[in-house]
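Heads up, start_28.txt below (compact mmCIF, C-alpha atoms):
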```
# COMPACT_ATOMS: atom_id res chain seq x y z
CA MET A 1 97.64 -7.52 -181.77
CA ASN A 2 94.05 -6.92 -182.77
CA PHE A 3 92.42 -3.45 -182.96
CA PRO A 4 88.87 -3.75 -184.31
CA LYS A 5 87.80 -0.70 -186.31
CA ASP A 6 84.27 -0.56 -184.92
CA LEU A 7 85.42 0.11 -181.34
CA GLN A 8 86.74 3.14 -179.48
CA TYR A 9 89.55 2.97 -176.96
CA THR A 10 90.82 4.62 -173.76
CA ARG A 11 94.35 5.47 -172.67
CA THR A 12 93.89 2.95 -169.86
CA HIS A 13 93.23 0.13 -172.36
CA GLU A 14 89.50 -0.36 -172.21
CA TRP A 15 87.32 -0.59 -175.33
CA ILE A 16 83.77 0.69 -175.75
CA ARG A 17 81.16 -0.22 -178.34
CA TYR A 18 78.00 1.86 -178.59
CA GLU A 19 74.74 0.13 -179.30
CA GLY A 20 71.87 2.59 -179.46
CA GLU A 21 71.82 4.59 -176.23
CA SER A 22 73.94 2.05 -174.38
CA ALA A 23 77.51 0.85 -174.64
CA TYR A 24 79.44 -2.35 -173.99
CA ILE A 25 82.79 -2.04 -172.22
CA GLY A 26 85.69 -4.46 -172.04
CA ILE A 27 89.49 -4.65 -171.89
CA THR A 28 91.65 -4.54 -175.00
CA ASP A 29 93.80 -7.23 -176.55
CA TYR A 30 96.86 -5.24 -175.48
CA ALA A 31 95.55 -5.07 -171.88
CA GLN A 32 94.95 -8.81 -171.63
CA ASP A 33 98.36 -9.50 -173.16
CA GLN A 34 100.07 -7.23 -170.62
CA LEU A 35 98.10 -8.64 -167.69
CA GLY A 36 98.66 -12.32 -168.44
CA ASP A 37 96.31 -15.15 -167.49
CA LEU A 38 93.21 -13.71 -165.87
CA VAL A 39 91.75 -15.70 -162.99
CA PHE A 40 89.11 -13.44 -161.44
CA VAL A 41 86.96 -10.42 -162.18
CA ASN A 42 85.05 -8.12 -159.84
CA LEU A 43 82.14 -6.45 -161.59
CA PRO A 44 79.65 -3.83 -160.38
CA GLU A 45 75.97 -4.63 -159.90
CA VAL A 46 73.19 -3.78 -162.30
CA GLY A 47 71.94 -0.34 -161.30
CA ASP A 48 75.33 0.84 -159.99
CA GLU A 49 76.65 4.12 -161.31
CA VAL A 50 80.03 4.25 -163.01
CA MET A 51 82.07 7.43 -163.45
CA ALA A 52 84.11 8.30 -166.54
CA GLY A 53 87.80 7.79 -165.77
CA GLU A 54 87.11 6.06 -162.43
CA PRO A 55 87.52 2.35 -161.69
CA PHE A 56 84.33 0.28 -161.90
CA GLY A 57 85.84 -3.13 -161.29
CA ASP A 58 89.09 -5.04 -161.23
CA VAL A 59 90.70 -8.16 -162.60
CA GLU A 60 93.26 -10.51 -161.10
CA SER A 61 96.13 -12.12 -163.01
CA VAL A 62 99.21 -13.85 -161.62
CA LYS A 63 98.61 -12.42 -158.12
CA ALA A 64 98.16 -8.88 -159.42
CA VAL A 65 94.91 -6.99 -159.04
CA SER A 66 94.38 -4.19 -161.60
CA ASP A 67 91.60 -1.61 -161.72
CA ILE A 68 89.43 -1.33 -164.81
CA ASN A 69 88.25 2.21 -165.57
CA ALA A 70 84.95 3.32 -167.00
CA PRO A 71 85.21 5.23 -170.29
CA VAL A 72 81.82 6.84 -169.58
CA THR A 73 79.60 8.03 -166.77
CA GLY A 74 76.38 6.08 -166.67
CA VAL A 75 74.37 3.32 -165.05
CA VAL A 76 75.17 -0.39 -165.31
CA GLU A 77 72.44 -2.14 -167.30
CA GLU A 78 74.08 -5.53 -167.46
CA ALA A 79 77.16 -7.19 -165.97
CA ASN A 80 78.69 -10.17 -167.76
CA GLU A 81 78.39 -12.61 -164.86
CA ALA A 82 79.45 -15.50 -167.10
CA LEU A 83 83.01 -14.17 -166.73
CA ALA A 84 82.97 -15.32 -163.10
CA ASP A 85 83.09 -18.89 -164.43
CA THR A 86 85.35 -18.20 -167.40
CA PRO A 87 87.65 -15.25 -166.69
CA GLU A 88 90.01 -16.73 -169.30
CA ALA A 89 87.51 -15.59 -171.95
CA MET A 90 88.98 -12.09 -171.51
CA ASN A 91 92.34 -13.51 -172.65
CA GLU A 92 90.98 -15.65 -175.44
CA ASP A 93 88.59 -13.18 -177.02
CA PRO A 94 88.85 -9.78 -175.28
CA TYR A 95 86.50 -8.05 -177.72
CA GLU A 96 83.73 -10.60 -177.26
CA ALA A 97 84.18 -10.82 -173.47
CA TRP A 98 82.49 -7.55 -172.51
CA LEU A 99 82.43 -6.72 -168.79
CA ILE A 100 79.50 -4.35 -168.44
CA LYS A 101 76.80 -2.68 -170.51
CA VAL A 102 76.16 0.93 -169.51
CA GLY A 103 73.15 3.15 -170.20
CA GLU A 104 72.10 6.71 -169.32
CA ILE A 105 75.50 7.87 -170.54
CA SER A 106 76.20 11.47 -169.55
CA ALA A 107 79.97 11.96 -169.84
CA THR A 108 82.85 10.34 -171.68
CA VAL A 109 86.64 10.34 -171.32
CA ASP A 110 88.76 11.18 -174.38
CA LEU A 111 88.42 8.20 -176.69
CA MET A 112 90.65 7.08 -179.55
CA ASP A 113 89.72 5.28 -182.75
CA ALA A 114 91.46 2.02 -183.65
CA GLU A 115 94.23 3.73 -185.58
CA ALA A 116 95.03 6.24 -182.84
CA TYR A 117 94.93 3.54 -180.19
CA GLU A 118 97.27 1.30 -182.16
CA ALA A 119 99.73 4.19 -182.40
CA PHE A 120 99.29 4.90 -178.67
CA VAL A 121 100.05 1.27 -177.79
CA ALA A 122 103.09 1.23 -180.08
CA GLU A 123 104.41 4.27 -178.23
CA GLU A 124 103.72 2.81 -174.80
CA GLY A 125 105.20 -0.61 -175.62
CA MET B 1 96.49 -2.13 -139.15
CA ASN B 2 99.53 -2.77 -141.33
CA LEU B 3 97.38 -3.57 -144.33
CA ALA B 4 95.40 -0.39 -143.72
CA LEU B 5 98.57 1.67 -143.54
CA GLU B 6 100.04 0.28 -146.75
CA GLN B 7 96.73 0.91 -148.50
CA TRP B 8 96.85 4.51 -147.30
CA LEU B 9 100.49 4.86 -148.39
CA THR B 10 99.60 3.47 -151.82
CA GLU B 11 96.87 6.07 -152.20
CA LYS B 12 99.05 8.94 -150.99
CA VAL B 13 102.37 8.21 -152.65
CA GLN B 14 103.69 10.97 -154.93
CA ARG B 15 105.39 10.64 -158.29
CA ASP B 16 108.73 11.80 -156.88
CA GLU B 17 108.96 9.28 -154.05
CA LEU B 18 109.32 5.54 -153.60
CA LEU B 19 108.04 4.14 -150.33
CA LEU B 20 109.29 0.93 -148.80
CA TYR B 21 107.32 -0.02 -145.70
CA LEU B 22 108.61 -2.86 -143.50
CA TRP B 23 106.27 -4.49 -141.01
CA GLN B 24 105.42 -7.57 -138.97
CA ASN B 25 102.22 -9.24 -137.85
CA GLU B 26 101.57 -11.65 -135.05
CA ARG B 27 100.00 -15.00 -135.92
CA THR B 28 97.82 -14.19 -138.94
CA VAL B 29 96.76 -15.89 -142.14
CA VAL B 30 96.43 -13.38 -144.96
CA ILE B 31 94.35 -14.46 -147.91
CA GLY B 32 94.23 -12.92 -151.37
CA ARG B 33 91.57 -10.43 -152.40
CA ASN B 34 89.58 -12.96 -154.38
CA GLN B 35 89.90 -16.08 -152.24
CA ASN B 36 87.34 -18.04 -150.31
CA ALA B 37 88.34 -18.03 -146.62
CA TRP B 38 86.60 -21.31 -145.79
CA LYS B 39 88.34 -23.09 -148.64
CA GLU B 40 91.86 -21.81 -148.07
CA VAL B 41 92.22 -21.66 -144.30
CA ASP B 42 91.64 -24.03 -141.40
CA LEU B 43 89.79 -21.32 -139.48
CA GLU B 44 89.08 -23.54 -136.48
CA ALA B 45 92.77 -24.31 -135.98
CA LEU B 46 93.79 -20.72 -136.59
CA THR B 47 91.29 -19.00 -134.31
CA GLY B 48 91.59 -21.79 -131.75
CA ASP B 49 95.25 -20.81 -131.35
CA GLY B 50 94.34 -17.14 -131.08
CA GLY B 51 95.37 -16.40 -134.66
CA LYS B 52 93.69 -13.92 -136.94
CA LEU B 53 92.40 -13.94 -140.47
CA ALA B 54 93.04 -11.00 -142.78
CA ARG B 55 92.29 -10.36 -146.44
CA ARG B 56 94.62 -8.11 -148.42
CA PHE B 57 93.70 -5.92 -151.39
CA SER B 58 96.13 -7.61 -153.77
CA GLY B 59 95.68 -10.91 -155.54
CA GLY B 60 97.21 -14.33 -155.07
CA GLY B 61 97.03 -17.03 -152.43
CA ALA B 62 97.05 -17.48 -148.68
CA VAL B 63 100.21 -16.82 -146.67
CA TYR B 64 100.99 -17.20 -142.99
CA HIS B 65 102.63 -14.45 -140.92
CA ASP B 66 104.09 -14.53 -137.45
CA LEU B 67 106.89 -12.58 -135.81
CA GLY B 68 109.39 -14.83 -137.59
CA ASN B 69 108.33 -13.09 -140.76
CA LEU B 70 109.25 -9.65 -142.12
CA ASN B 71 106.89 -8.07 -144.63
CA PHE B 72 107.78 -5.44 -147.15
CA SER B 73 105.54 -3.15 -149.18
CA PHE B 74 106.68 -1.03 -152.09
CA CYS B 75 104.11 1.73 -152.42
CA VAL B 76 104.93 3.67 -155.56
CA HIS B 77 103.32 5.81 -158.23
CA ARG B 78 102.32 3.92 -161.37
CA ASP B 79 105.04 5.71 -163.38
CA ASN B 80 107.69 4.23 -161.08
CA TYR B 81 106.20 0.77 -160.74
CA ASP B 82 108.71 -1.85 -161.84
CA VAL B 83 108.27 -5.33 -160.39
CA GLU B 84 111.62 -6.53 -161.67
CA ARG B 85 113.51 -3.68 -160.03
CA GLN B 86 111.55 -4.03 -156.79
CA LEU B 87 112.29 -7.75 -156.64
CA GLU B 88 115.93 -6.93 -157.30
CA VAL B 89 115.99 -4.81 -154.12
CA ILE B 90 114.72 -7.73 -152.08
CA ALA B 91 116.96 -10.30 -153.78
CA GLU B 92 120.03 -8.10 -153.39
CA ALA B 93 119.39 -7.58 -149.67
CA VAL B 94 119.03 -11.33 -149.16
CA ARG B 95 122.12 -12.10 -151.25
CA SER B 96 124.15 -9.78 -149.04
CA PHE B 97 123.86 -12.52 -146.40
CA GLY B 98 125.29 -15.10 -148.79
CA ILE B 99 121.91 -16.61 -149.71
CA PRO B 100 121.48 -17.21 -153.48
CA ALA B 101 118.05 -15.59 -153.89
CA GLU B 102 116.37 -16.22 -157.22
CA ARG B 103 113.13 -15.09 -158.78
CA THR B 104 110.52 -17.76 -159.61
CA GLY B 105 108.08 -17.83 -162.51
CA ARG B 106 105.35 -16.50 -160.22
CA ASN B 107 107.35 -13.44 -159.12
CA ASP B 108 108.27 -15.02 -155.80
CA LEU B 109 111.77 -15.46 -154.40
CA GLU B 110 113.42 -18.74 -153.54
CA ALA B 111 116.78 -20.19 -152.60
CA TYR B 112 117.87 -23.79 -153.02
CA GLY B 113 114.45 -24.54 -154.52
CA LYS B 114 112.58 -23.33 -151.45
CA LYS B 115 110.36 -20.27 -151.49
CA PHE B 116 111.07 -17.75 -148.74
CA SER B 117 109.16 -14.77 -150.13
CA GLY B 118 105.60 -14.71 -151.49
CA ASN B 119 104.70 -11.60 -153.47
CA ALA B 120 101.45 -9.96 -154.58
CA PHE B 121 100.48 -6.81 -156.43
CA LEU B 122 97.87 -4.09 -156.77
CA LYS B 123 97.74 -1.61 -159.65
CA THR B 124 95.51 1.44 -159.69
CA GLU B 125 95.64 4.50 -161.94
CA GLN B 126 97.81 6.33 -159.40
CA GLY B 127 99.36 4.20 -156.71
CA CYS B 128 100.66 0.69 -157.02
CA CYS B 129 101.63 -1.72 -154.28
CA HIS B 130 103.99 -4.66 -154.47
CA HIS B 131 104.21 -6.46 -151.16
CA GLY B 132 105.58 -9.71 -149.94
CA THR B 133 106.67 -11.88 -147.06
CA LEU B 134 110.22 -12.69 -146.03
CA MET B 135 110.37 -15.85 -143.95
CA LEU B 136 113.09 -15.59 -141.32
CA ARG B 137 112.03 -18.10 -138.72
CA VAL B 138 108.36 -18.72 -139.34
CA ASP B 139 106.77 -21.63 -137.50
CA GLU B 140 106.47 -24.02 -140.44
CA GLU B 141 104.37 -26.51 -138.52
CA ARG B 142 101.69 -23.87 -137.90
CA LEU B 143 101.99 -22.53 -141.43
CA SER B 144 101.28 -25.94 -142.82
CA ARG B 145 98.49 -26.67 -140.32
CA TYR B 146 96.55 -23.44 -140.92
CA LEU B 147 96.91 -23.56 -144.67
CA THR B 148 96.10 -27.24 -145.10
CA VAL B 149 92.43 -27.70 -145.68
CA SER B 150 90.67 -30.85 -146.74
CA LYS B 151 87.29 -29.62 -147.75
CA ALA B 152 86.35 -31.82 -150.60
CA LYS B 153 82.71 -30.94 -149.94
CA LEU B 154 83.31 -27.27 -150.57
CA ALA B 155 83.40 -26.13 -154.18
CA SER B 156 84.17 -22.49 -154.74
CA LYS B 157 84.85 -19.93 -157.36
CA GLY B 158 87.67 -17.56 -156.55
CA VAL B 159 91.40 -17.88 -156.70
CA ASP B 160 93.11 -21.02 -155.41
CA SER B 161 96.37 -20.94 -153.48
CA VAL B 162 99.37 -22.47 -155.21
CA ARG B 163 101.41 -24.67 -152.88
CA ALA B 164 105.16 -24.30 -152.76
CA ARG B 165 108.00 -25.81 -150.73
CA VAL B 166 108.99 -23.12 -148.29
CA GLY B 167 112.16 -22.39 -146.36
CA ASN B 168 113.27 -19.93 -143.69
CA LEU B 169 116.18 -17.60 -144.37
CA THR B 170 117.68 -18.54 -140.99
CA ASP B 171 118.03 -22.13 -142.28
CA TRP B 172 120.78 -20.73 -144.49
CA CYS B 173 121.98 -17.82 -142.35
CA PRO B 174 121.27 -18.69 -138.70
CA ASP B 175 122.11 -15.32 -137.16
CA LEU B 176 119.90 -13.30 -139.51
CA THR B 177 117.34 -11.11 -137.76
CA ALA B 178 114.51 -8.84 -138.90
CA GLU B 179 116.60 -5.83 -137.83
CA ARG B 180 119.63 -6.87 -139.87
CA LEU B 181 117.48 -7.67 -142.87
CA SER B 182 115.73 -4.28 -142.59
CA VAL B 183 119.07 -2.49 -142.67
CA ALA B 184 120.13 -4.56 -145.68
CA LEU B 185 116.86 -3.77 -147.46
CA ARG B 186 117.38 -0.07 -146.91
CA GLY B 187 120.90 -0.31 -148.35
CA ALA B 188 119.72 -2.37 -151.34
CA MET B 189 116.96 0.16 -152.01
CA ALA B 190 119.48 3.01 -152.11
CA ARG B 191 121.84 1.04 -154.40
CA VAL B 192 119.25 -0.29 -156.87
CA TYR B 193 117.59 3.11 -157.30
CA ASP B 194 120.71 5.18 -156.65
CA LEU B 195 118.72 7.60 -154.53
CA PRO B 196 119.11 8.97 -151.01
CA ILE B 197 117.03 7.29 -148.28
CA GLU B 198 114.88 9.11 -145.81
CA VAL B 199 113.30 7.37 -142.82
CA LEU B 200 109.66 8.32 -142.24
CA ASP B 201 107.86 8.43 -138.92
CA LEU B 202 104.42 6.87 -139.40
CA THR B 203 103.18 7.22 -135.82
CA GLU B 204 100.84 10.03 -136.72
CA ALA B 205 99.54 8.28 -139.83
CA LEU B 206 98.79 5.16 -137.80
CA GLN B 207 96.47 7.17 -135.58
CA SER B 208 94.83 9.11 -138.39
CA GLU B 209 91.12 8.68 -138.93
CA GLU B 210 91.64 7.66 -142.54
CA VAL B 211 93.90 4.76 -141.58
CA LEU B 212 91.67 3.70 -138.68
CA ALA B 213 88.64 3.68 -140.99
CA LYS B 214 90.51 1.49 -143.48
CA ALA B 215 91.57 -0.85 -140.68
CA ALA B 216 87.96 -1.17 -139.49
CA TYR B 217 86.82 -2.06 -142.99
CA LEU B 218 89.63 -4.59 -143.48
CA GLN B 219 88.54 -6.32 -140.26
CA SER B 220 84.85 -6.29 -141.12
CA TRP B 221 82.87 -9.45 -141.74
CA ASP B 222 81.82 -8.08 -145.13
CA TRP B 223 85.42 -7.82 -146.34
CA LEU B 224 86.65 -11.08 -144.80
CA TYR B 225 83.69 -13.33 -145.61
CA GLY B 226 81.02 -11.34 -147.41
CA ARG B 227 82.63 -10.85 -150.80
CA LYS B 228 81.00 -12.00 -154.01
CA ILE B 229 82.78 -15.34 -154.30
CA PRO B 230 80.07 -17.96 -154.66
CA CYS B 231 80.59 -21.45 -153.28
CA THR B 232 78.59 -24.56 -152.63
CA PHE B 233 78.85 -26.79 -149.62
CA GLU B 234 77.57 -30.35 -149.31
CA GLN B 235 77.20 -32.43 -146.19
CA GLU B 236 75.51 -35.69 -145.37
CA GLN B 237 74.71 -37.01 -141.92
CA ARG B 238 72.93 -40.02 -140.48
CA PHE B 239 70.79 -39.58 -137.37
CA SER B 240 68.78 -42.12 -135.35
CA TRP B 241 65.64 -40.91 -137.16
CA GLY B 242 67.03 -40.88 -140.68
CA SER B 243 69.67 -39.38 -142.88
CA VAL B 244 69.91 -35.82 -144.10
CA GLN B 245 71.79 -34.46 -147.06
CA ILE B 246 72.23 -30.73 -147.38
CA GLU B 247 73.57 -28.68 -150.23
CA LEU B 248 74.09 -24.98 -149.57
CA GLN B 249 74.71 -22.30 -152.14
CA ILE B 250 76.58 -19.45 -150.57
CA ASP B 251 77.37 -16.00 -151.91
CA ARG B 252 78.50 -12.86 -150.11
CA GLY B 253 78.84 -15.10 -147.05
CA VAL B 254 75.10 -15.71 -146.93
CA ILE B 255 73.19 -18.89 -147.79
CA GLN B 256 71.29 -18.08 -150.98
CA ALA B 257 69.72 -21.45 -151.67
CA VAL B 258 69.35 -24.77 -149.89
CA ARG B 259 68.64 -28.22 -151.19
CA CYS B 260 67.84 -30.79 -148.58
CA TYR B 261 67.07 -34.48 -148.96
CA SER B 262 66.03 -36.81 -146.19
CA ASP B 263 64.48 -40.22 -145.70
CA ALA B 264 63.11 -39.18 -142.30
CA LEU B 265 59.49 -40.05 -141.53
CA ASP B 266 58.82 -36.40 -140.72
CA THR B 267 58.17 -35.19 -144.27
CA THR B 268 58.03 -31.53 -143.22
CA LEU B 269 61.65 -31.67 -142.13
CA VAL B 270 63.18 -31.02 -145.54
CA HIS B 271 61.06 -27.97 -146.08
CA ARG B 272 61.71 -26.65 -142.59
CA VAL B 273 65.48 -26.99 -143.02
CA GLU B 274 65.36 -25.18 -146.33
CA GLU B 275 63.22 -22.41 -144.91
CA ALA B 276 65.39 -22.04 -141.82
CA LEU B 277 68.67 -21.73 -143.70
CA VAL B 278 67.94 -19.48 -146.66
CA GLY B 279 69.23 -15.99 -145.90
CA CYS B 280 71.32 -17.21 -142.95
CA ARG B 281 74.95 -16.14 -142.68
CA PHE B 282 77.36 -19.03 -143.25
CA ASP B 283 78.53 -18.81 -139.70
CA LYS B 284 78.53 -21.46 -136.97
CA GLU B 285 76.51 -19.50 -134.42
CA ALA B 286 73.96 -18.28 -136.95
CA LEU B 287 73.40 -21.79 -138.30
CA LYS B 288 73.04 -23.24 -134.83
CA GLU B 289 70.42 -20.67 -133.95
CA ARG B 290 68.42 -21.25 -137.13
CA LEU B 291 68.37 -25.00 -136.49
CA ALA B 292 67.66 -24.76 -132.75
CA TRP B 293 64.22 -26.39 -133.23
CA ASN B 294 65.91 -29.74 -133.89
CA ALA B 295 68.56 -30.59 -131.32
CA ASP B 296 70.27 -33.13 -133.59
CA LEU B 297 70.56 -30.70 -136.48
CA ALA B 298 71.73 -27.86 -134.23
CA CYS B 299 74.39 -30.14 -132.79
CA TRP B 300 75.37 -31.12 -136.31
CA ALA B 301 75.72 -27.49 -137.32
CA GLU B 302 78.00 -27.00 -134.38
CA SER B 303 80.22 -30.03 -134.71
CA TYR B 304 80.19 -30.99 -138.37
CA LEU B 305 80.39 -27.51 -139.71
CA LYS B 306 82.96 -26.74 -137.07
CA GLU B 307 85.87 -27.91 -139.18
CA LEU B 308 84.70 -25.50 -141.85
CA LEU B 309 83.68 -22.49 -139.83
```

As structure tokens:
Amino acid sequence: MNFPKDLQYTRTHEWIRYEGESAYIGITDYAQDQLGDLVFVNLPEVGDEVMAGEPFGDVESVKAVSDINAPVTGVVEEANEALADTPEAMNEDPYEAWLIKVGEISATVDLMDAEAYEAFVAEEG
Amino acid sequence: MNLALEQWLTEKVQRDELLLYLWQNERTVVIGRNQNAWKEVDLEALTGDGGKLARRFSGGGAVYHDLGNLNFSFCVHRDNYDVERQLEVIAEAVRSFGIPAERTGRNDLEAYGKKFSGNAFLKTEQGCCHHGTLMLRVDEERLSRYLTVSKAKLASKGVDSVRARVGNLTDWCPDLTAERLSVALRGAMARVYDLPIEVLDLTEALQSEEVLAKAAYLQSWDWLYGRKIPCTFEQEQRFSWGSVQIELQIDRGVIQAVRCYSDALDTTLVHRVEEALVGCRFDKEALKERLAWNADLACWAESYLKELL
């Protein structure tokens, strides 16, 4: 299981990577492993608001739809539409396959660093 | 209505309760959250017989319901969500009638190599729903007819249905009824969880504004056809005045782009078709109206697109 040091993590298994004033958000290696083969993703539109701790989209794997929560409150600047064609990218390289890029960030859920998240996952598993 | 109620139950369920909702639908095809209706369902055959289309909030493929089918929904808090245990309740109830129910690799249930229960799942931060069908005496001829679609000209993103050999529980236990199975499910629920059972009266909930609002949304065109599941549709037709080839790009149920080729002498035709169709709902009546200026094309929209729409 991979836990890159340069990312921060949520208790609901999303990662966030800040880049200037904005941040990229995706699902963790642990999340994709638990979910199994991903076949579809529903993403918000550019300009949509997302709320910290609230679902902003969902993914489908083996007939199960699961919500993906936003680690921050902000506005969607980009949505990774390429995932519509290749949802399996979230399985193959979850830290490259970002879902959305968020700007105008105003609130954040409690985030963990890689070490804390690894310990959290070990406890949950 | 049933899908609206289970959605409501999933949102409302508390940590200290496990809800098992049993329900039936008349002739309905239920598609998965992320499926393309035109690709998965023979809508003409279904609606022609007075059947309905519904889209559920969970994933997976298309299933057919009629009164020969009993549906179950486990609506539970995330902390209590356990697919294996939930499937055990169903399998145990079915086994109590001497049918060797087994779980498949896709979390369905089968006996003698035939699937009798298709299952799908929704997980949110709070409530989770695991629901499925139980085929008792479903009309297999209709099931196969509505769910068999030969639409080679339609290419779509979205989730494809996975075909399986199906069987009815009454093939193996002829005197099994929905009532008897319901009682067995209740008993299995109590045994697997070792908890007392309480029967809930949902009459009031069914008439609540919240549930009615959910039902209205679940029946809306936007939810059934207008989701962001892009597809392309190609069709070619020869007329007395030339041939026309049309390629439509559809998203959210609306034609986003049109490519039209024709060898007709009227060179404005191609442009007029493209102009007429962009922004049009992918819907038989809407297409017919937009093409009303050319009787042949309007007729084509009606008859050739008929199999699709």

Close residues, A:Asp93 itself excluded, 12 Å, only C-alpha atoms, min 6 positions apart in chain, as a list in words: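 What passes the distance filter is Met1, Asn2, Pro4, Gly26, Ile27, Thr28, Asp29, Tyr30, Ala31, Gln32, Asp33, Leu83, Thr86 and Pro87 of chain A.
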
Shell around stretch 230-246 of chain B at 6 Å using only C-alpha atoms, local window under 2 positions removed, as a PyMOL selection string: chain B and resi 153-157+248-251+259-264

From A:Pro55, A:Gly20, A:Gly47, A:Gly36, residue lying nearest chain B [only C-alpha atoms]: A:Pro55

Shell around A:Ala64 at 9 Å using all atoms listed in the file, local window under 2 positions removed, as number ranges by chain: A: 35, 59-62, 66; B: 58-60, 120-123, 130

May I ask you to extract the residues of chain B within 12 Å of chain A, using all atoms listed in the file, and to give them as a PDB file with C-alpha atoms, in the coordinates of the input?
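See out.pdb below for the written result:
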```
ATOM      1  CA  ILE B  31      94.350 -14.460-147.910  1.00  0.00           C
ATOM      2  CA  GLY B  32      94.230 -12.920-151.370  1.00  0.00           C
ATOM      3  CA  ARG B  33      91.570 -10.430-152.400  1.00  0.00           C
ATOM      4  CA  ASN B  34      89.580 -12.960-154.380  1.00  0.00           C
ATOM      5  CA  GLN B  35      89.900 -16.080-152.240  1.00  0.00           C
ATOM      6  CA  ARG B  56      94.620  -8.110-148.420  1.00  0.00           C
ATOM      7  CA  PHE B  57      93.700  -5.920-151.390  1.00  0.00           C
ATOM      8  CA  SER B  58      96.130  -7.610-153.770  1.00  0.00           C
ATOM      9  CA  GLY B  59      95.680 -10.910-155.540  1.00  0.00           C
ATOM     10  CA  GLY B  60      97.210 -14.330-155.070  1.00  0.00           C
ATOM     11  CA  GLY B  61      97.030 -17.030-152.430  1.00  0.00           C
ATOM     12  CA  ALA B  62      97.050 -17.480-148.680  1.00  0.00           C
ATOM     13  CA  ARG B  78     102.320   3.920-161.370  1.00  0.00           C
ATOM     14  CA  ASP B  79     105.040   5.710-163.380  1.00  0.00           C
ATOM     15  CA  VAL B  83     108.270  -5.330-160.390  1.00  0.00           C
ATOM     16  CA  GLY B 105     108.080 -17.830-162.510  1.00  0.00           C
ATOM     17  CA  ARG B 106     105.350 -16.500-160.220  1.00  0.00           C
ATOM     18  CA  ASN B 107     107.350 -13.440-159.120  1.00  0.00           C
ATOM     19  CA  ASP B 108     108.270 -15.020-155.800  1.00  0.00           C
ATOM     20  CA  GLY B 118     105.600 -14.710-151.490  1.00  0.00           C
ATOM     21  CA  ASN B 119     104.700 -11.600-153.470  1.00  0.00           C
ATOM     22  CA  ALA B 120     101.450  -9.960-154.580  1.00  0.00           C
ATOM     23  CA  PHE B 121     100.480  -6.810-156.430  1.00  0.00           C
ATOM     24  CA  LEU B 122      97.870  -4.090-156.770  1.00  0.00           C
ATOM     25  CA  LYS B 123      97.740  -1.610-159.650  1.00  0.00           C
ATOM     26  CA  THR B 124      95.510   1.440-159.690  1.00  0.00           C
ATOM     27  CA  GLU B 125      95.640   4.500-161.940  1.00  0.00           C
ATOM     28  CA  GLN B 126      97.810   6.330-159.400  1.00  0.00           C
ATOM     29  CA  GLY B 127      99.360   4.200-156.710  1.00  0.00           C
ATOM     30  CA  CYS B 128     100.660   0.690-157.020  1.00  0.00           C
ATOM     31  CA  CYS B 129     101.630  -1.720-154.280  1.00  0.00           C
ATOM     32  CA  HIS B 130     103.990  -4.660-154.470  1.00  0.00           C
ATOM     33  CA  HIS B 131     104.210  -6.460-151.160  1.00  0.00           C
ATOM     34  CA  GLY B 132     105.580  -9.710-149.940  1.00  0.00           C
ATOM     35  CA  SER B 156      84.170 -22.490-154.740  1.00  0.00           C
ATOM     36  CA  LYS B 157      84.850 -19.930-157.360  1.00  0.00           C
ATOM     37  CA  GLY B 158      87.670 -17.560-156.550  1.00  0.00           C
ATOM     38  CA  VAL B 159      91.400 -17.880-156.700  1.00  0.00           C
ATOM     39  CA  ASP B 160      93.110 -21.020-155.410  1.00  0.00           C
ATOM     40  CA  SER B 161      96.370 -20.940-153.480  1.00  0.00           C
ATOM     41  CA  VAL B 162      99.370 -22.470-155.210  1.00  0.00           C
ATOM     42  CA  ARG B 227      82.630 -10.850-150.800  1.00  0.00           C
ATOM     43  CA  LYS B 228      81.000 -12.000-154.010  1.00  0.00           C
ATOM     44  CA  ILE B 229      82.780 -15.340-154.300  1.00  0.00           C
ATOM     45  CA  PRO B 230      80.070 -17.960-154.660  1.00  0.00           C
ATOM     46  CA  CYS B 231      80.590 -21.450-153.280  1.00  0.00           C
TER      47      CYS B 231
END
```
